[in-house]
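Undergrad: Got a structure here, written out as structure tokens. Questions coming.
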Amino acid sequence: MAHVSVPSVPYTPQFYYVFQEPPSLDTARRTHEMTSAVHSWFDAGIPFFTMQAIRDVCQQLDRFNKNGRKILVKGLDGTMVEYKIMTGRKIRCFEPNREWIVGKPLLYYVPIQTLTSVELDNKPGVACCNLVVRYEIEVRDKYTKEIINDCQHLSFEEVQRFFVTMREIWEASQPCKQLRSMLASKRTQLKVTKIVSFACASVSHDHRSREARRAAFQHALILTLRDIFDKGRGKYNKIRCYAQDPIYTSVDKLVLQHFGIDVLDNPRGLLEVDDFSVVISCAADFCVKQIVSDLAKPAMMIWDRVHEDAEADETICGLPW
Ligand SMILES: C[S@@+](CC[C@H](N)C(=O)[O-])C[C@H]1O[C@@H](n2cnc3c(N)ncnc32)[C@H](O)[C@@H]1O
């Protein structure tokens, strides 16, 4: 039995998740025991996310990215949870003339709020496992078997032009000027070697949308920070910029690369975070702050919460993002 959850981003029909029904140990008591254990580990300051655990799952996913293989993840209580790779399987499709196939596995991070909740999707078998394997769904034409992507595709040149324009608007804006002046005095105190961004979203989707503008401004922010922290650094010692978001298209990757931002697959961005990083993560729909604060003490972190009512925000702020 597989669960399908709704897409987390409205403009990416491909971004559905499927995940395997966890082994049923079927006791509410065990779930309850686990949630109280999680509370006590949290109170004791035990980190829930570690580089080693994330790296281990990442390496297993690299090696066993085939149907029928298993990924073993150690739960917080030390027990091993087994995820069977389902890539390639056909699942129930709710669209006519199409079929849904389980795609590439994705590592999903379970926040403390879920681990300590008995009401949310917390099953005894995985009650203590905060690294979960989920999947993208590939949507295919039922007859030709061609992969369907409903998103509008923009060319490299179109996206590049859009990004350059948005970057100019951002650079001329008051918030950008404030940021530059605030960091002018702090720059040398902060030991920064890289900028790691999460969830900055796609710049290659419909440019009339607020989402694309926000994505462009957030990537422009990466370049502003690079410009600030690069000052005085030698030619061979430049600030490196990384971006992780599973939503990036091939055009996004090319455009970002063109501006010196390397796209890293989930979870390789997280594996880059250290005490000399600036971390950027606006309205991410995964628990970046919980993960990052367990992994490192970044020199700086910039974030924004997920806004419930984006349209209302736009009216209130009056800003283009
Ligand atoms: C609500 S959107 C926010 C987009 C943009 N930052 C903004 O402020 O409008 C959440 C973003 O988180 C991204 N995301 C989800 N899981 C992620 C992961 N594991 N790593 C990086 N980004 C992720 C999604 O693809 C999506 O682009």
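Order determines the names: the first chain of the structure tokens is A, the second B, and so forth; residues in each chain are numbered 1 upward, and ligands are numbered 1 upward as they are shown.
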May I ask you to write as an MDAnalysis selection string all residues lying at most 9 Å from ligand 1, with only C-alpha atoms and all ligand atoms counted?
TA: chainID A and resid 8:9 12 15 106:109 197:202 210:215 218 243:248 265:267 269:270 281:288 303:307 321
Undergrad: For the residues in the current selection, export N, CA and C atoms as a short mmCIF file (atom, residue, chain, number, x, y, z; two decimals), in the first residue's frame.
TA:
data_model
loop_
_atom_site.label_atom_id
_atom_site.label_comp_id
_atom_site.auth_asym_id
_atom_site.auth_seq_id
_atom_site.Cartn_x
_atom_site.Cartn_y
_atom_site.Cartn_z
N SER A 8 3.75 19.70 -3.17
CA SER A 8 4.04 20.76 -2.21
C SER A 8 4.14 22.11 -2.92
N VAL A 9 4.38 22.10 -4.21
CA VAL A 9 4.51 23.35 -4.95
C VAL A 9 3.49 23.32 -6.08
N THR A 12 4.40 22.44 -9.98
CA THR A 12 5.19 21.28 -10.39
C THR A 12 4.39 20.00 -10.23
N PHE A 15 5.95 16.85 -8.81
CA PHE A 15 6.54 16.82 -7.49
C PHE A 15 5.62 16.17 -6.46
N LEU A 106 13.74 10.37 -2.97
CA LEU A 106 14.17 11.65 -2.38
C LEU A 106 14.27 11.46 -0.88
N LEU A 107 15.24 12.06 -0.30
CA LEU A 107 15.35 11.99 1.15
C LEU A 107 14.47 13.07 1.77
N TYR A 108 13.63 12.66 2.69
CA TYR A 108 12.73 13.60 3.35
C TYR A 108 13.08 13.65 4.84
N TYR A 109 12.97 14.82 5.43
CA TYR A 109 13.41 15.03 6.81
C TYR A 109 12.18 15.24 7.70
N SER A 197 22.38 27.75 -0.26
CA SER A 197 20.96 28.12 -0.24
C SER A 197 20.09 26.88 -0.39
N PHE A 198 18.92 26.95 0.23
CA PHE A 198 17.94 25.87 0.14
C PHE A 198 16.60 26.46 -0.28
N ALA A 199 15.92 25.73 -1.12
CA ALA A 199 14.52 26.02 -1.43
C ALA A 199 14.30 27.39 -2.09
N CYS A 200 15.28 27.87 -2.85
CA CYS A 200 15.09 29.18 -3.49
C CYS A 200 14.18 29.09 -4.71
N ALA A 201 13.81 27.89 -5.10
CA ALA A 201 12.81 27.63 -6.15
C ALA A 201 13.29 27.95 -7.56
N SER A 202 12.41 27.62 -8.50
CA SER A 202 12.79 27.68 -9.91
C SER A 202 12.63 29.09 -10.49
N ARG A 210 4.36 35.36 -9.20
CA ARG A 210 5.07 35.89 -8.04
C ARG A 210 6.16 34.90 -7.60
N GLU A 211 5.89 33.62 -7.76
CA GLU A 211 6.85 32.59 -7.36
C GLU A 211 8.17 32.75 -8.11
N ALA A 212 8.06 33.00 -9.43
CA ALA A 212 9.29 33.13 -10.23
C ALA A 212 10.06 34.38 -9.81
N ARG A 213 9.32 35.46 -9.50
CA ARG A 213 10.00 36.69 -9.07
C ARG A 213 10.72 36.46 -7.75
N ARG A 214 10.02 35.81 -6.83
CA ARG A 214 10.64 35.54 -5.52
C ARG A 214 11.89 34.69 -5.70
N ALA A 215 11.77 33.68 -6.57
CA ALA A 215 12.91 32.79 -6.81
C ALA A 215 14.09 33.61 -7.36
N GLN A 218 15.65 35.80 -4.67
CA GLN A 218 16.41 35.02 -3.66
C GLN A 218 17.75 34.56 -4.24
N ALA A 243 23.36 25.77 -4.34
CA ALA A 243 21.91 25.87 -4.20
C ALA A 243 21.30 24.47 -4.28
N GLN A 244 20.44 24.18 -3.31
CA GLN A 244 19.74 22.88 -3.31
C GLN A 244 18.24 23.11 -3.35
N ASP A 245 17.61 22.62 -4.37
CA ASP A 245 16.15 22.58 -4.43
C ASP A 245 15.78 21.52 -5.45
N PRO A 246 15.04 20.50 -5.05
CA PRO A 246 14.72 19.43 -6.01
C PRO A 246 13.87 19.89 -7.19
N ILE A 247 13.38 21.11 -7.11
CA ILE A 247 12.50 21.60 -8.17
C ILE A 247 13.27 22.12 -9.41
N TYR A 248 14.57 22.35 -9.27
CA TYR A 248 15.32 22.97 -10.37
C TYR A 248 15.20 22.16 -11.66
N ASP A 265 22.25 18.30 -5.63
CA ASP A 265 21.07 17.48 -5.37
C ASP A 265 20.88 17.32 -3.87
N ASN A 266 19.60 17.23 -3.47
CA ASN A 266 19.27 16.90 -2.09
C ASN A 266 19.92 15.54 -1.76
N PRO A 267 20.69 15.36 -0.71
CA PRO A 267 20.95 16.26 0.40
C PRO A 267 22.34 16.89 0.37
N GLY A 269 23.53 19.69 -0.54
CA GLY A 269 23.65 21.05 -0.02
C GLY A 269 23.83 21.01 1.49
N LEU A 270 23.04 20.16 2.13
CA LEU A 270 23.14 20.05 3.60
C LEU A 270 24.53 19.58 4.00
N SER A 281 17.52 30.37 3.29
CA SER A 281 16.41 29.44 3.11
C SER A 281 15.11 30.17 3.39
N CYS A 282 14.41 30.56 2.34
CA CYS A 282 13.16 31.30 2.53
C CYS A 282 11.97 30.41 2.26
N ALA A 283 11.09 30.35 3.22
CA ALA A 283 9.83 29.61 3.08
C ALA A 283 10.05 28.18 2.58
N ALA A 284 11.07 27.55 3.08
CA ALA A 284 11.35 26.17 2.65
C ALA A 284 10.25 25.27 3.17
N ASP A 285 9.90 24.25 2.39
CA ASP A 285 8.91 23.35 2.95
C ASP A 285 9.56 22.08 3.49
N PHE A 286 10.70 22.25 4.08
CA PHE A 286 11.26 21.18 4.91
C PHE A 286 11.97 21.86 6.07
N CYS A 287 12.31 21.08 7.10
CA CYS A 287 12.71 21.70 8.36
C CYS A 287 14.20 22.11 8.37
N VAL A 288 14.54 23.05 7.49
CA VAL A 288 15.94 23.47 7.31
C VAL A 288 16.58 23.94 8.62
N TRP A 303 16.41 33.59 6.62
CA TRP A 303 15.25 32.78 6.31
C TRP A 303 14.00 33.61 6.33
N ASP A 304 12.95 33.01 5.89
CA ASP A 304 11.63 33.63 5.86
C ASP A 304 10.65 32.49 6.10
N ARG A 305 9.59 32.77 6.84
CA ARG A 305 8.66 31.68 7.10
C ARG A 305 7.76 31.44 5.88
N VAL A 306 7.07 30.33 5.89
CA VAL A 306 6.12 30.06 4.82
C VAL A 306 4.88 30.91 5.09
N HIS A 307 4.51 31.74 4.12
CA HIS A 307 3.36 32.63 4.32
C HIS A 307 2.09 31.94 3.89
N TRP A 321 8.46 40.97 -4.20
CA TRP A 321 8.72 39.55 -3.91
C TRP A 321 7.91 39.08 -2.73
#
Undergrad: From the DSSP assignment of the backbone, select every residue of stretch 154-310 of chain A that is strand (DSSP E), and format the answer as number ranges by chain.
TA: A: 194-198, 240-244, 261-263, 277-282, 300-304
Undergrad: Please compute the atom CA of A:Glu99-atom CA of A:Glu138 distance, one decimal, in Å.
TA: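 Distance reported for this atom pair: 8.2 Å.
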Undergrad: Counting only C-alpha atoms, what is within 12 Å of A:Tyr143, bar same-chain residues fewer than 5 positions away, as a VMD selection string?
TA: chain A and resid 96 to 99 148
Undergrad: I want to know what sits within 7 Å of A:Val81, based on only C-alpha atoms, with residues of the same chain fewer than 5 positions away left out; could you give that as a VMD selection string?
TA: chain A and resid 72 to 75 126
Undergrad: Determine which residues of stretch 54-96 of chain A receive a DSSP assignment of alpha helix (DSSP H), computed from the backbone, and state them as a list in words.
TA: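 In stretch 54-96 of chain A, DSSP puts these residues in alpha helix (DSSP H): Ile54, Arg55, Asp56, Val57, Cys58, Gln59, Gln60, Leu61, Asp62 and Arg63 of chain A.
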Undergrad: For A:Glu168, which residue among A:Val251, A:Glu33, A:Ala220, A:Thr114 is the nearest when counting only C-alpha atoms?
TA: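 Of all the options, A:Ala220 lies closest to A:Glu168.
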Undergrad: Between atom CA of A:Phe229 and atom CA of A:Val255, what is the spacing in Å?
TA: 21.9 Å
Undergrad: Could you pull the residues within 8 Å of A:Thr249, counting only C-alpha atoms, minus those fewer than 3 positions along the same chain, as a list in words?
TA: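 After dropping sequence-adjacent residues, the list is Ser202, Ser204, Asp252 and Lys253 of chain A.
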Undergrad: Need to verify the contact set: A:Lys194, 7 Å, only C-alpha atoms, exclusion of same-chain residues closer than 5 positions in sequence. Can you return it as an MDAnalysis selection string?
TA: chainID A and resid 239:241 276:278
Undergrad: Hey, which of A:Asp56, A:Asp150, A:Asp141, A:Asp275 ends up closest to A:Leu190? Count only C-alpha atoms.
TA: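 Comparing A:Asp56, A:Asp150, A:Asp141, A:Asp275 against A:Leu190, the winner is A:Asp275.
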